[in-house]
Structures are given as C-alpha cells and as structure tokens.
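Step one of this worksheet: look at the structure below.
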Amino acid sequence: MLITTTEAIPGKEYEVIGEVFGLTTQSKNVFKNIGANLKNIVGGEIKAYTEMLEESREKAIERLKQNAKDMGADAVVMMRFDSGSIGTDMQSVAAYGTAVKYK
C-alpha cells in the first residue's frame, strides 16, 4: 500500500474514504533507562531512545496501513506523525493520514 506525505498521487484519480491512524506507546526497560540517565550527564545521542522512536514510528505506520486496509483503501495521502512523552520514560507516536480508493 502506498503511503505518501503529499496531497496528490501523480497520475492517479481517487476518492477520499476517510481519516486513518496508527498509534503506539512504548518504553524502554529499566536498565536502558539507567544508561540513558548516565548519558544525560555527559551528553550525546541516547541510542536506546532513538531506537525506541524508530520502532514506534514503524509500528505506528504498520497500524495505519492495517486501518486503511480494513477500510478498503488503496493508499494513504497526507501522512504525518505526531509524538509526545508520557511521564519520563514513555513515548507515544501517532501516524495519521487520509485513506483513498483509486477510481
């Protein structure tokens, strides 16, 4: 299934089905949190959290695709991400867009 951040798909005519989304909330285990806190002292990238965000985005997109498939969509246009923290060690990621069906 095509997922695009653009408003239009070149060469395709389609009808809008509706809004679709995929959500996930993730956290790292206590040992990785300790490592992240130590890294916070010296600075630099906290790879455990970068990996967590990458995993969260992938999971959110997979859930978005399934939501679109369940609606009978052929593609999703105008896909965006939104994210936010829950407490100090959890991250929520939403992928959302508009499901469309080719004419």
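Chain labels run A, B, ... following the order of the structure tokens; each chain numbers its residues from 1, and ligands are numbered from 1 in the order shown.
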
Return as number ranges by chain the full set of residues in chain A whose backbone-based DSSP assignment is alpha helix (DSSP H). A: 30-42, 47-70

List the spatial neighbours of segment 5-19 of chain A as a PyMOL selection string - criterion: any atom at most 12 Å away, only C-alpha atoms, same-chain residues fewer than 6 positions off excluded. chain A and resi 64-65+67-81+95-103

Output file for the residues above (N, CA and C atoms, as a compact mmCIF listing (two decimals), in the first residue's frame):
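Listing of selection25.txt after writing:
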```txt
# COMPACT_ATOMS: atom_id res chain seq x y z
N LEU A 64 -1.33 2.02 10.86
CA LEU A 64 -2.00 2.90 9.92
C LEU A 64 -2.37 2.13 8.66
N LYS A 65 -1.43 1.36 8.12
CA LYS A 65 -1.69 0.55 6.92
C LYS A 65 -2.84 -0.43 7.16
N ASN A 67 -5.27 -0.18 9.36
CA ASN A 67 -6.50 0.60 9.48
C ASN A 67 -7.03 0.96 8.09
N ALA A 68 -6.12 1.39 7.19
CA ALA A 68 -6.51 1.75 5.82
C ALA A 68 -7.00 0.52 5.06
N LYS A 69 -6.30 -0.59 5.21
CA LYS A 69 -6.70 -1.83 4.54
C LYS A 69 -8.09 -2.26 4.99
N ASP A 70 -8.34 -2.18 6.29
CA ASP A 70 -9.65 -2.55 6.83
C ASP A 70 -10.77 -1.69 6.27
N MET A 71 -10.44 -0.46 5.86
CA MET A 71 -11.43 0.44 5.27
C MET A 71 -11.56 0.26 3.77
N GLY A 72 -10.73 -0.61 3.18
CA GLY A 72 -10.77 -0.84 1.74
C GLY A 72 -9.96 0.15 0.94
N ALA A 73 -9.01 0.81 1.55
CA ALA A 73 -8.20 1.82 0.86
C ALA A 73 -7.12 1.19 0.00
N ASP A 74 -6.71 1.94 -1.02
CA ASP A 74 -5.59 1.56 -1.87
C ASP A 74 -4.31 2.30 -1.49
N ALA A 75 -4.47 3.45 -0.83
CA ALA A 75 -3.32 4.28 -0.47
C ALA A 75 -3.71 5.22 0.66
N VAL A 76 -2.68 5.86 1.23
CA VAL A 76 -2.89 6.90 2.24
C VAL A 76 -2.10 8.13 1.80
N VAL A 77 -2.79 9.26 1.74
CA VAL A 77 -2.13 10.52 1.38
C VAL A 77 -2.05 11.41 2.62
N MET A 78 -1.19 12.42 2.54
CA MET A 78 -1.03 13.40 3.62
C MET A 78 -0.68 12.75 4.96
N MET A 79 0.15 11.69 4.93
CA MET A 79 0.54 11.01 6.17
C MET A 79 1.45 11.92 6.98
N ARG A 80 1.21 11.95 8.27
CA ARG A 80 2.00 12.75 9.21
C ARG A 80 2.24 11.93 10.47
N PHE A 81 3.22 12.38 11.26
CA PHE A 81 3.49 11.81 12.57
C PHE A 81 3.23 12.85 13.64
N ALA A 95 0.68 7.91 13.76
CA ALA A 95 0.79 8.15 12.32
C ALA A 95 -0.65 8.34 11.83
N TYR A 96 -0.90 9.40 11.07
CA TYR A 96 -2.26 9.63 10.60
C TYR A 96 -2.25 10.18 9.20
N GLY A 97 -3.34 10.00 8.49
CA GLY A 97 -3.44 10.47 7.13
C GLY A 97 -4.85 10.27 6.60
N THR A 98 -4.99 10.37 5.28
CA THR A 98 -6.27 10.23 4.62
C THR A 98 -6.26 9.01 3.73
N ALA A 99 -7.17 8.08 3.99
CA ALA A 99 -7.29 6.86 3.18
C ALA A 99 -8.02 7.20 1.88
N VAL A 100 -7.50 6.65 0.77
CA VAL A 100 -8.12 6.90 -0.53
C VAL A 100 -8.29 5.59 -1.29
N LYS A 101 -9.25 5.58 -2.21
CA LYS A 101 -9.52 4.42 -3.08
C LYS A 101 -9.40 4.90 -4.52
N TYR A 102 -8.61 4.18 -5.32
CA TYR A 102 -8.42 4.54 -6.73
C TYR A 102 -9.74 4.39 -7.49
N LYS A 103 -9.97 5.30 -8.43
CA LYS A 103 -11.17 5.23 -9.30
C LYS A 103 -10.89 4.29 -10.45
```

Point out the residue among A:Leu53, A:Ala48, A:Val20, A:Ile3 with the least atom-to-atom distance to Gly84 of chain A, counting only C-alpha atoms.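 Of A:Leu53, A:Ala48, A:Val20, A:Ile3, the one nearest Gly84 of chain A is A:Leu53, counting only C-alpha atoms.
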
Would you mind reading off the distance between atom CA of Gln66 of chain A and atom CA of Phe21 of chain A, one decimal, in Å?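 Separation between atom CA of Gln66 of chain A and atom CA of Phe21 of chain A: 9.1 Å.
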
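Atom CA of Gly22 of chain A to atom CA of Thr88 of chain A spans 22.4 Å [interatomic distance, one decimal].
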
Name all residues at most 7 Å from Ser27 of chain A (count only C-alpha atoms; drop same-chain ones fewer than 6 positions away) and give them as a PyMOL selection string. chain A and resi 89-91

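For the atom pair formed by atom CA of Glu45 of chain A and atom CA of Ser85 of chain A, the distance is 17.5 Å, given to one decimal.
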
Restricting the calculation to only C-alpha atoms, which member of A:Met1, A:Glu62, A:Met52, A:Ser83 is positioned closest to Gln26 of chain A?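 Of all the options, A:Met52 lies closest to Gln26 of chain A.
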
Could you tell me which of A:Ile46, A:Thr4, A:Val93, A:Asp82 comes closest to Glu58 of chain A if we count only C-alpha atoms?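 Between A:Ile46, A:Thr4, A:Val93, A:Asp82, the residue approaching Glu58 of chain A most closely is A:Val93.
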
Going by DSSP on the backbone, which residues of chain A come out as strand (DSSP E)? List them as an MDAnalysis selection string. chainID A and resid 2:3 14:27 75:86 90:102
